[in-house]
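Structure data (compact mmCIF, C-alpha atoms) from target_2.txt:
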```txt
# COMPACT_ATOMS: atom_id res chain seq x y z
CA MET U 5 80.91 96.94 88.58
CA ALA U 6 84.37 96.96 90.19
CA LEU U 7 82.92 98.14 93.49
CA GLN U 8 80.36 95.35 93.35
CA ILE U 9 83.16 92.82 92.95
CA VAL U 10 84.90 94.13 96.06
CA PHE U 11 81.71 93.99 98.12
CA PHE U 12 81.02 90.49 96.85
CA SER U 13 84.54 89.34 97.76
CA ILE U 14 84.29 90.75 101.29
CA PHE U 15 80.77 89.34 101.72
CA PHE U 16 81.94 85.95 100.51
CA PHE U 17 84.85 85.83 102.93
CA VAL U 18 82.74 86.92 105.92
CA SER U 19 79.88 84.59 105.00
CA PHE U 20 82.26 81.69 104.60
CA THR U 21 83.81 82.43 108.00
CA ILE U 22 80.43 82.40 109.73
CA ALA U 23 78.99 79.45 107.85
CA GLN U 24 81.88 76.99 107.82
CA GLY U 25 84.63 78.36 110.02
CA VAL U 26 87.90 79.45 108.52
CA ARG U 27 91.01 77.49 109.35
CA THR U 28 93.60 79.64 111.13
CA LEU U 29 97.24 78.79 110.46
CA ASN U 30 99.57 80.29 113.08
CA VAL U 31 103.12 80.66 111.77
CA ARG U 32 104.47 79.73 115.20
CA ASN U 33 102.98 76.28 114.76
CA TYR U 34 105.08 75.98 111.60
CA GLY U 35 108.35 76.72 113.36
CA ALA U 36 108.56 80.52 113.34
CA ILE U 37 110.94 81.74 116.05
CA VAL U 38 110.05 85.09 117.58
CA ASP U 39 113.50 86.51 118.27
CA GLY U 40 113.98 89.04 115.45
CA ARG U 41 117.17 87.27 114.31
CA THR U 42 116.28 83.82 112.97
CA ASP U 43 115.01 83.74 109.39
CA ASP U 44 111.36 82.64 109.57
CA LYS U 45 110.86 82.52 105.79
CA LYS U 46 110.36 78.74 105.62
CA ALA U 47 107.80 78.74 108.43
CA PHE U 48 105.83 81.51 106.75
CA LEU U 49 105.90 79.65 103.42
CA ARG U 50 104.73 76.38 104.95
CA ALA U 51 101.77 78.15 106.55
CA TRP U 52 100.96 79.91 103.27
CA ASN U 53 101.13 76.73 101.21
CA ASP U 54 98.77 74.90 103.55
CA ALA U 55 96.34 77.81 103.33
CA CYS U 56 96.63 78.09 99.56
CA TYR U 57 96.09 74.39 98.85
CA GLN U 58 93.09 74.08 101.18
CA ASN U 59 89.58 74.26 99.79
CA GLY U 60 87.70 77.17 101.33
CA GLY U 61 88.93 80.16 103.31
CA SER U 62 92.03 80.38 105.49
CA ILE U 63 93.81 82.85 107.76
CA VAL U 64 97.59 82.92 107.88
CA TYR U 65 98.17 84.41 111.32
CA ILE U 66 101.36 86.18 112.44
CA PRO U 67 100.84 86.91 116.14
CA LYS U 68 102.50 89.73 118.06
CA GLY U 69 106.26 89.56 118.35
CA VAL U 70 109.29 90.40 116.20
CA TYR U 71 110.09 88.14 113.24
CA MET U 72 113.02 88.33 110.84
CA VAL U 73 111.98 87.19 107.38
CA GLY U 74 114.16 86.83 104.31
CA SER U 75 112.94 87.61 100.81
CA VAL U 76 109.78 85.56 100.26
CA GLU U 77 107.08 85.11 97.60
CA PHE U 78 103.56 83.94 98.49
CA ALA U 79 102.23 82.56 95.22
CA GLY U 80 98.87 81.40 93.96
CA PRO U 81 96.49 80.66 92.46
CA CYS U 82 94.86 79.35 95.62
CA ARG U 83 91.74 77.27 96.17
CA GLY U 84 89.98 79.78 98.40
CA PRO U 85 90.17 83.28 99.85
CA ILE U 86 93.06 84.01 102.22
CA MET U 87 93.49 86.57 104.96
CA PHE U 88 97.16 87.30 105.73
CA LEU U 89 96.85 88.68 109.26
CA ILE U 90 99.99 90.50 110.39
CA SER U 91 99.73 91.39 114.07
CA GLY U 92 103.47 91.14 114.69
CA ASP U 93 106.42 93.16 113.43
CA LEU U 94 108.43 91.83 110.49
CA LYS U 95 112.04 92.83 109.95
CA ALA U 96 113.93 92.56 106.66
CA PRO U 97 117.53 91.30 106.61
CA ILE U 98 120.13 93.99 107.29
CA GLY U 99 122.07 95.34 104.32
CA PRO U 100 121.28 95.97 100.66
CA TYR U 101 120.95 92.38 99.34
CA SER U 102 120.71 93.63 95.75
CA ASN U 103 119.52 91.48 92.83
CA VAL U 104 116.34 90.79 94.80
CA GLU U 105 113.31 92.67 93.47
CA LYS U 106 111.18 92.51 96.60
CA TRP U 107 111.31 91.60 100.24
CA ILE U 108 107.72 90.29 100.55
CA GLY U 109 105.64 89.42 97.51
CA PHE U 110 102.14 88.15 96.70
CA GLN U 111 101.58 86.81 93.19
CA HIS U 112 98.61 85.44 91.23
CA VAL U 113 96.18 85.54 94.16
CA ASN U 114 92.45 86.25 94.03
CA ASN U 115 90.39 87.30 97.09
CA LEU U 116 93.33 88.22 99.32
CA ILE U 117 93.15 90.37 102.43
CA VAL U 118 96.38 91.65 103.99
CA LYS U 119 95.80 93.43 107.31
CA GLY U 120 96.39 93.22 111.03
CA GLY U 121 98.01 96.39 112.36
CA GLY U 122 101.55 95.02 112.23
CA THR U 123 104.70 96.73 110.98
CA LEU U 124 107.05 95.94 108.11
CA ASP U 125 110.54 97.24 108.93
CA GLY U 126 112.66 97.32 105.78
CA GLN U 127 115.84 98.19 107.72
CA GLY U 128 116.50 100.90 105.14
CA PRO U 129 119.33 102.73 106.93
CA SER U 130 121.51 99.64 106.49
CA ALA U 131 121.00 99.75 102.71
CA TRP U 132 120.52 103.37 101.61
CA PRO U 133 124.27 104.14 101.47
CA TYR U 134 124.52 101.47 98.74
CA ASN U 135 121.79 103.01 96.58
CA LYS U 136 123.31 104.16 93.27
CA CYS U 137 120.05 104.65 91.38
CA GLN U 138 119.75 108.34 92.28
CA LYS U 139 122.93 109.07 90.32
CA THR U 140 122.82 106.68 87.35
CA ASN U 141 120.47 104.52 85.30
CA ASN U 142 123.03 101.71 85.40
CA CYS U 143 122.24 100.36 88.85
CA ASP U 144 120.67 97.47 90.73
CA PRO U 145 117.59 98.74 92.61
CA LEU U 146 117.23 97.80 96.25
CA PRO U 147 114.28 95.57 97.20
CA ILE U 148 110.69 96.79 97.40
CA SER U 149 109.23 96.15 100.86
CA ILE U 150 105.95 94.55 99.74
CA LYS U 151 104.79 93.94 96.17
CA PHE U 152 101.55 92.64 94.72
CA ASP U 153 101.76 91.07 91.24
CA PHE U 154 98.61 90.00 89.39
CA VAL U 155 96.46 90.15 92.52
CA THR U 156 92.71 90.62 92.02
CA ASN U 157 89.61 91.48 94.06
CA SER U 158 91.63 92.13 97.19
CA ARG U 159 92.21 94.48 100.13
CA ILE U 160 95.31 95.85 101.86
CA GLU U 161 94.58 97.70 105.07
CA SER U 162 95.89 98.69 108.50
CA ILE U 163 99.52 97.96 107.66
CA ARG U 164 102.52 100.07 108.65
CA SER U 165 105.76 100.14 106.66
CA VAL U 166 108.85 101.89 107.99
CA ASN U 167 112.28 102.51 106.46
CA SER U 168 111.79 100.61 103.23
CA LYS U 169 114.99 99.98 101.31
CA ASN U 170 113.22 101.09 98.13
CA VAL U 171 109.48 101.46 97.40
CA HIS U 172 107.22 100.71 100.37
CA LEU U 173 104.30 99.14 98.50
CA ALA U 174 104.13 98.26 94.78
CA ILE U 175 101.12 97.16 92.75
CA TYR U 176 101.75 95.59 89.33
CA GLY U 177 99.32 93.92 86.95
CA CYS U 178 96.55 94.02 89.55
CA ASN U 179 92.82 94.55 89.21
CA ASN U 180 90.23 95.72 91.72
CA VAL U 181 92.35 96.30 94.83
CA ASN U 182 91.49 98.55 97.79
CA VAL U 183 94.30 100.07 99.87
CA SER U 184 93.23 101.81 103.08
CA LYS U 185 94.56 102.86 106.47
CA VAL U 186 98.20 102.26 105.56
CA ASP U 187 100.95 104.25 107.25
CA LEU U 188 104.20 104.50 105.28
CA LEU U 189 107.19 106.19 106.88
CA ALA U 190 110.80 106.93 105.91
CA PRO U 191 113.04 110.01 106.33
CA ALA U 192 112.71 112.87 103.86
CA ASP U 193 116.26 112.22 102.60
CA SER U 194 115.86 108.46 102.12
CA PRO U 195 116.53 107.59 98.46
CA ASN U 196 113.86 106.16 96.13
CA THR U 197 111.46 105.32 98.97
CA ASP U 198 108.23 105.89 97.05
CA GLY U 199 105.17 105.23 99.19
CA ILE U 200 102.88 103.44 96.72
CA LYS U 201 103.81 102.71 93.11
CA ILE U 202 101.13 101.51 90.69
CA SER U 203 101.79 100.14 87.20
CA ARG U 204 99.79 98.21 84.59
CA SER U 205 96.86 97.98 87.00
CA ALA U 206 93.18 98.95 86.89
CA ASP U 207 90.47 99.80 89.40
CA ILE U 208 92.79 100.60 92.30
CA ARG U 209 91.54 102.68 95.22
CA ILE U 210 93.78 104.28 97.87
CA THR U 211 92.13 106.02 100.80
CA ASN U 212 92.50 107.16 104.42
CA SER U 213 96.28 106.72 104.47
CA ARG U 214 99.33 108.62 105.68
CA ILE U 215 102.56 108.66 103.65
CA ARG U 216 105.72 110.38 104.85
CA THR U 217 108.74 109.40 102.81
CA GLY U 218 111.73 110.41 100.68
CA ASP U 219 110.26 110.13 97.17
CA ASP U 220 106.81 110.24 95.60
CA CYS U 221 104.05 109.55 98.10
CA ILE U 222 102.15 107.91 95.27
CA ALA U 223 103.47 107.26 91.74
CA ILE U 224 101.10 106.12 88.99
CA ILE U 225 102.99 104.89 85.95
CA SER U 226 102.66 102.99 82.66
CA GLY U 227 99.48 101.08 81.90
CA SER U 228 97.39 102.26 84.85
CA SER U 229 93.70 103.13 84.57
CA ASN U 230 90.76 103.94 86.82
CA ILE U 231 92.84 104.90 89.85
CA ASP U 232 91.15 106.75 92.73
CA VAL U 233 93.17 108.41 95.50
CA SER U 234 91.31 110.09 98.36
CA TYR U 235 91.89 111.28 101.92
CA VAL U 236 95.66 110.76 101.74
CA TYR U 237 98.10 112.83 103.81
CA CYS U 238 101.44 113.25 102.02
CA GLY U 239 104.54 114.84 103.47
CA PRO U 240 107.43 114.94 103.52
CA GLY U 241 108.00 113.53 100.05
CA HIS U 242 107.89 114.45 96.39
CA GLY U 243 104.11 114.69 96.17
CA ILE U 244 101.51 112.68 94.24
CA SER U 245 102.76 111.95 90.73
CA ILE U 246 101.58 110.56 87.45
CA GLY U 247 104.81 109.30 85.96
CA SER U 248 107.46 109.35 85.17
CA LEU U 249 106.32 108.32 81.68
CA GLY U 250 107.96 107.78 78.32
CA LYS U 251 111.32 106.51 79.50
CA TYR U 252 111.03 102.99 78.08
CA LYS U 253 109.76 101.32 74.92
CA ASN U 254 106.43 99.50 75.11
CA GLU U 255 104.99 101.71 77.83
CA GLU U 256 101.20 101.85 77.88
CA ASN U 257 98.72 104.71 78.17
CA VAL U 258 97.67 106.06 81.57
CA ASN U 259 94.09 107.26 81.90
CA GLY U 260 91.32 107.82 84.39
CA VAL U 261 93.12 109.03 87.53
CA THR U 262 91.30 110.94 90.27
CA VAL U 263 93.08 112.53 93.23
CA ARG U 264 90.68 114.17 95.69
CA LYS U 265 90.40 115.41 99.25
CA CYS U 266 94.12 115.03 99.94
CA THR U 267 96.59 117.09 101.98
CA LEU U 268 100.18 117.76 100.95
CA ASN U 269 102.43 119.27 103.61
CA GLY U 270 106.03 120.36 103.10
CA THR U 271 106.49 118.35 99.92
CA ASP U 272 108.76 119.18 96.98
CA ASN U 273 105.79 118.93 94.63
CA GLY U 274 102.05 118.89 95.04
CA VAL U 275 100.26 117.17 92.15
CA ARG U 276 102.67 116.41 89.35
CA ILE U 277 102.70 114.89 85.88
CA LYS U 278 106.17 114.08 84.57
CA SER U 279 107.60 112.58 81.41
CA TRP U 280 111.02 112.09 79.85
CA GLU U 281 112.22 113.72 76.65
CA SER U 282 112.17 110.55 74.56
CA PRO U 283 110.57 109.29 71.31
CA TYR U 284 108.32 106.73 73.04
CA ALA U 285 104.73 107.76 72.39
CA ILE U 286 101.84 107.22 74.82
CA THR U 287 98.83 109.20 75.98
CA ALA U 288 98.21 110.42 79.54
CA SER U 289 94.62 111.60 79.86
CA LYS U 290 91.43 112.06 81.88
CA PHE U 291 92.93 113.21 85.18
CA LEU U 292 91.06 115.05 87.93
CA PHE U 293 92.76 116.78 90.86
CA GLN U 294 90.07 118.13 93.19
CA ASP U 295 89.65 119.47 96.73
CA ILE U 296 93.35 119.41 97.58
CA PHE U 297 95.03 121.40 100.36
CA MET U 298 98.69 122.42 99.98
CA GLU U 299 100.77 123.62 102.90
CA ASN U 300 104.27 124.96 102.26
CA VAL U 301 104.62 123.02 98.99
CA ARG U 302 107.42 124.04 96.64
CA ASN U 303 105.63 123.25 93.34
CA PRO U 304 101.91 122.90 94.09
CA ILE U 305 100.81 122.26 90.48
CA ILE U 306 103.41 121.06 88.03
CA VAL U 307 103.64 119.38 84.64
CA ASP U 308 107.24 118.60 83.71
CA GLN U 309 107.83 117.05 80.30
CA THR U 310 111.57 117.61 80.49
CA TYR U 311 111.96 115.31 83.49
CA CYS U 312 115.48 113.98 83.96
CA PRO U 313 116.62 113.63 87.58
CA HIS U 314 120.16 112.58 86.70
CA SER U 315 122.44 112.52 83.66
CA PRO U 316 122.70 111.54 80.90
CA CYS U 317 119.69 113.47 79.68
CA ASN U 318 118.47 113.31 76.10
CA GLN U 319 117.46 116.87 75.22
CA GLU U 320 117.72 116.37 71.47
CA THR U 321 114.09 115.28 71.20
CA ALA U 322 110.89 116.44 72.84
CA SER U 323 108.67 114.20 74.91
CA TYR U 324 106.25 112.12 72.84
CA VAL U 325 103.85 111.75 75.77
CA GLN U 326 100.55 113.45 74.95
CA ILE U 327 98.99 114.96 78.09
CA GLN U 328 95.35 115.91 77.68
CA ASP U 329 92.01 116.29 79.45
CA VAL U 330 93.34 117.32 82.87
CA THR U 331 91.20 119.21 85.39
CA TYR U 332 92.38 121.02 88.53
CA ARG U 333 89.46 122.05 90.75
CA ASN U 334 89.33 123.70 94.18
CA ILE U 335 93.01 123.62 95.09
CA TRP U 336 94.15 125.94 97.87
CA GLY U 337 96.91 126.57 100.41
CA THR U 338 100.47 127.88 100.37
CA SER U 339 103.46 127.65 98.07
CA SER U 340 107.07 127.91 99.22
CA SER U 341 108.17 129.19 95.80
CA GLN U 342 106.95 132.07 93.64
CA VAL U 343 106.15 129.81 90.66
CA ALA U 344 103.19 127.94 92.11
CA VAL U 345 101.77 126.69 88.81
CA SER U 346 104.09 125.34 86.13
CA PHE U 347 103.24 123.73 82.80
CA GLU U 348 106.43 122.80 80.94
CA CYS U 349 104.83 120.70 78.22
CA SER U 350 106.19 119.01 75.12
CA LYS U 351 106.91 121.19 72.11
CA LYS U 352 106.16 118.15 69.94
CA PHE U 353 102.85 117.26 71.63
CA PRO U 354 101.61 120.28 73.62
CA CYS U 355 99.35 119.70 76.60
CA LYS U 356 95.72 120.22 75.60
CA ASN U 357 92.36 120.66 77.25
CA ILE U 358 93.81 121.69 80.61
CA VAL U 359 91.06 123.15 82.82
CA MET U 360 91.67 125.07 86.05
CA THR U 361 88.76 126.04 88.30
CA ASP U 362 89.12 127.84 91.65
CA VAL U 363 92.83 127.64 92.36
CA ASN U 364 93.71 129.83 95.33
CA LEU U 365 97.31 129.72 96.53
CA ALA U 366 99.40 132.14 98.59
CA ILE U 367 103.13 132.33 99.07
CA VAL U 368 104.62 131.36 102.42
CA GLY U 369 105.62 134.52 104.25
CA GLY U 370 103.77 136.71 101.76
CA GLU U 371 106.96 137.79 99.94
CA GLY U 372 106.21 138.79 96.36
CA PRO U 373 103.35 137.81 94.05
CA LEU U 374 102.85 134.24 92.93
CA LYS U 375 103.43 133.37 89.29
CA SER U 376 102.37 130.84 86.71
CA SER U 377 104.72 129.53 84.03
CA CYS U 378 103.56 127.98 80.76
CA SER U 379 105.22 126.40 77.73
CA TYR U 380 103.30 124.61 74.98
CA VAL U 381 99.98 124.28 76.79
CA LYS U 382 96.40 124.87 75.66
CA GLY U 383 93.86 125.37 78.39
CA ARG U 384 91.24 127.53 80.03
CA SER U 385 90.43 128.73 83.53
CA PHE U 386 87.33 129.54 85.57
CA GLY U 387 86.57 131.05 88.94
CA ARG U 388 89.16 132.45 91.29
CA GLN U 389 92.76 132.07 90.13
CA ASN U 390 95.80 132.89 92.22
CA PRO U 391 98.36 132.96 90.74
CA PRO U 392 96.88 134.43 87.57
CA PRO U 393 96.76 131.77 84.86
CA CYS U 394 99.21 131.81 81.96
CA PHE U 395 96.78 130.48 79.38
```

What is this structure when it is put down as structure tokens?
Amino acid sequence: MALQIVFFSIFFFVSFTIAQGVRTLNVRNYGAIVDGRTDDKKAFLRAWNDACYQNGGSIVYIPKGVYMVGSVEFAGPCRGPIMFLISGDLKAPIGPYSNVEKWIGFQHVNNLIVKGGGTLDGQGPSAWPYNKCQKTNNCDPLPISIKFDFVTNSRIESIRSVNSKNVHLAIYGCNNVNVSKVDLLAPADSPNTDGIKISRSADIRITNSRIRTGDDCIAIISGSSNIDVSYVYCGPGHGISIGSLGKYKNEENVNGVTVRKCTLNGTDNGVRIKSWESPYAITASKFLFQDIFMENVRNPIIVDQTYCPHSPCNQETASYVQIQDVTYRNIWGTSSSQVAVSFECSKKFPCKNIVMTDVNLAIVGGEGPLKSSCSYVKGRSFGRQNPPPCF
């Protein structure tokens, strides 16, 4: 059903374009100055508002050139489908400018297409030295480069994001969104630069993309369901993660995540599920990791229910996140550490129904046998297993 909605949305936009002609709104005609220094936020907003309030389809067009744009929100609901066509390069303001959640945002929009082959330059090096969130929970996060809130039946494709101050691309409260052919790039040591972060969203598909960054390539967190990730190259970075979970009250269950036909190269982790040791109870279930190639990955398969990247850590209670119904199938490649498979599950709610089929990993350099490590996990294995399973 979700796939039918996407096809219908695309068909509707194309049919409308052919039948009636879509109005194209060039931001230069609204006063945008292509010098990379003048803030073009107002020009972009004027073009968006004209598109949003017009009956029928519209294209907001950003032609080639370099534009500096301050923090901006493109809000709906709108009267027709909109294509936001970024052919130029957008630059964020220099510096941290904290207390701003996002640099570019889309909110409450249906039938949106964001594409064009342009680049979003978050100017991260000017802000990363001010990032305190790696060392303490009491911090003001730097802005996300581009965020989609409550966006439905939409596509994001052929966009490049470099040097985000924080997360490159965030999806919150969205339904039926396709992300494809995105290229997300930041140095391996850049702080908190997750590639794609998904929360409280359903029917999200990510495919044919390349993510090289300083944090999780993809992070799927509270309230997400029916997420499909395929043909993604990840590395450097912290891998593809479900979580972290259980840190806050009122988190929601995560279920129905598939990660398939992906490559992880030189990452800290491969496929990871992580939760905090806290009393906030949710369920994380129905995950499939299949046909995944690991190259020189430190922790190829890892479940960490004692996750705490910085103090203070609450180790007085076990994690109340119940992880269950997880399948790992046809995973191969190389590990840079001897412990290639690690299940450190909750002593309060042990992992259950973990299934491993045809896992074939080797250690980089061939020094010593690979190992598996298990705590509080119930599972079974089939087919070839290297390292030998610990359940």

Task: Residues within 12 Å of Lys136 in chain U, all atoms listed in the file, excluding chain neighbours under 3 positions, as a list in words - done: Pro100, Ser102, Ala131, Trp132, Pro133, Lys139, Thr140, Asn141, Asn142, Cys143, Asp144, Pro145, Leu146, Asn170, Pro195, Asn196 and His314 of chain U

Task: Length of the CA of Gln58 in chain U to CA of Leu116 in chain U vector [Å] - done: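 CA of Leu116 in chain U lies at a distance of 14.3 Å from CA of Gln58 in chain U.
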
Open item on the list: As an exercise, work out the distance from CA of Lys382 in chain U to CA of Tyr332 in chain U in Å and give it to one decimal place.
Closed with: 14.0 Å

TODO: Calculate how many Å separate CA of Thr42 in chain U from CA of Phe88 in chain U, rounding to one decimal.
DONE: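 These atoms are spaced 20.7 Å apart.
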
- [ ] For each of U:Lys375, U:Arg264, U:Arg83, U:Arg388, take the minimum atom-to-atom distance to Leu292 in chain U, counting only C-alpha atoms, then give the residue where this is smallest.
- [x]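 The closest residue to Leu292 in chain U is U:Arg264.
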
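Non-sequential neighbours of Ser282 in chain U (distance at most 7 Å, separation of 4 or more positions within a chain, all atoms listed in the file) are Gly250, Lys251, Thr321, Ala322, Ser323 and Tyr324 of chain U.
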
Put those residues in a file: C-alpha atoms, as a short mmCIF file (atom, residue, chain, number, x, y, z; two decimals), keeping the file's coordinate frame.
```cif
data_model
loop_
_atom_site.label_atom_id
_atom_site.label_comp_id
_atom_site.auth_asym_id
_atom_site.auth_seq_id
_atom_site.Cartn_x
_atom_site.Cartn_y
_atom_site.Cartn_z
CA GLY U 250 107.96 107.78 78.32
CA LYS U 251 111.32 106.51 79.50
CA THR U 321 114.09 115.28 71.20
CA ALA U 322 110.89 116.44 72.84
CA SER U 323 108.67 114.20 74.91
CA TYR U 324 106.25 112.12 72.84
#
```

Open item on the list: I'd like the contact shell of Ile246 in chain U - 8 Å cut-off, all atoms listed in the file, skipping same-chain residues fewer than 4 positions apart - returned as an NGL selection string.
Closed with: :U and (223-225 or 276-278)

TODO: Might you pull out every residue within 6 Å of Val368 in chain U, with all atoms listed in the file counted and same-chain residues fewer than 6 positions away left off, and present them as number ranges by chain?
DONE: U: 338-340

Open item on the list: Could you check the closest approach to Phe152 in chain U for each of U:Pro313, U:Gly122, U:Gly109, U:Gly218 and tell me which residue wins, using all atoms listed in the file?
Closed with: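 With all atoms listed in the file as the atom set, the closest residue is U:Gly109.
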
TODO: Write out as a list in words the residues lying within 7 Å of Pro147 in chain U, counting only C-alpha atoms and excluding same-chain residues fewer than 3 positions away.
DONE: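 With the cut-off at 7 Å, the set is Ser102, Val104, Glu105, Lys106, Trp107, Lys169 and Asn170 of chain U.
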
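Minimum distance to Gly337 in chain U across U:Pro304, U:Gly241, U:Gly383, U:Gly40 (counting all atoms listed in the file) occurs at U:Pro304.
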
- [ ] Find, counting only C-alpha atoms, the residue in U:Asp54, U:Glu299, U:Asp362, U:Asp43 that gets nearest to Asn30 in chain U.
- [x]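 Comparing U:Asp54, U:Glu299, U:Asp362, U:Asp43 against Asn30 in chain U, the winner is U:Asp54.
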
Task: Selected residue of minimal separation from Ser158 in chain U among U:Pro85, U:Cys221, U:Gly120, U:Ala206, counting only C-alpha atoms - done: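 The answer is U:Pro85, which sits nearest to Ser158 in chain U.
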
Task: Nearest residue to Thr197 in chain U from the set U:Arg384, U:His242, U:Arg302, U:Arg41 (distances using all atoms listed in the file) - done: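 Among the listed residues, the smallest separation from Thr197 in chain U belongs to U:His242.
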
Distance cut-off 7 Å, centre (100.9, 95.8, 112.4) in file coordinates, counting only C-alpha atoms: which residues qualify? Return them as an mmCIF file with C-alpha atoms, keeping the file's coordinate frame.
```
data_model
loop_
_atom_site.group_PDB
_atom_site.id
_atom_site.type_symbol
_atom_site.label_atom_id
_atom_site.label_comp_id
_atom_site.auth_asym_id
_atom_site.auth_seq_id
_atom_site.Cartn_x
_atom_site.Cartn_y
_atom_site.Cartn_z
ATOM 1 C CA ILE U 90 99.990 90.500 110.390
ATOM 2 C CA SER U 91 99.730 91.390 114.070
ATOM 3 C CA GLY U 92 103.470 91.140 114.690
ATOM 4 C CA ASP U 93 106.420 93.160 113.430
ATOM 5 C CA GLY U 120 96.390 93.220 111.030
ATOM 6 C CA GLY U 121 98.010 96.390 112.360
ATOM 7 C CA GLY U 122 101.550 95.020 112.230
ATOM 8 C CA THR U 123 104.700 96.730 110.980
ATOM 9 C CA SER U 162 95.890 98.690 108.500
ATOM 10 C CA ILE U 163 99.520 97.960 107.660
ATOM 11 C CA ARG U 164 102.520 100.070 108.650
#
```
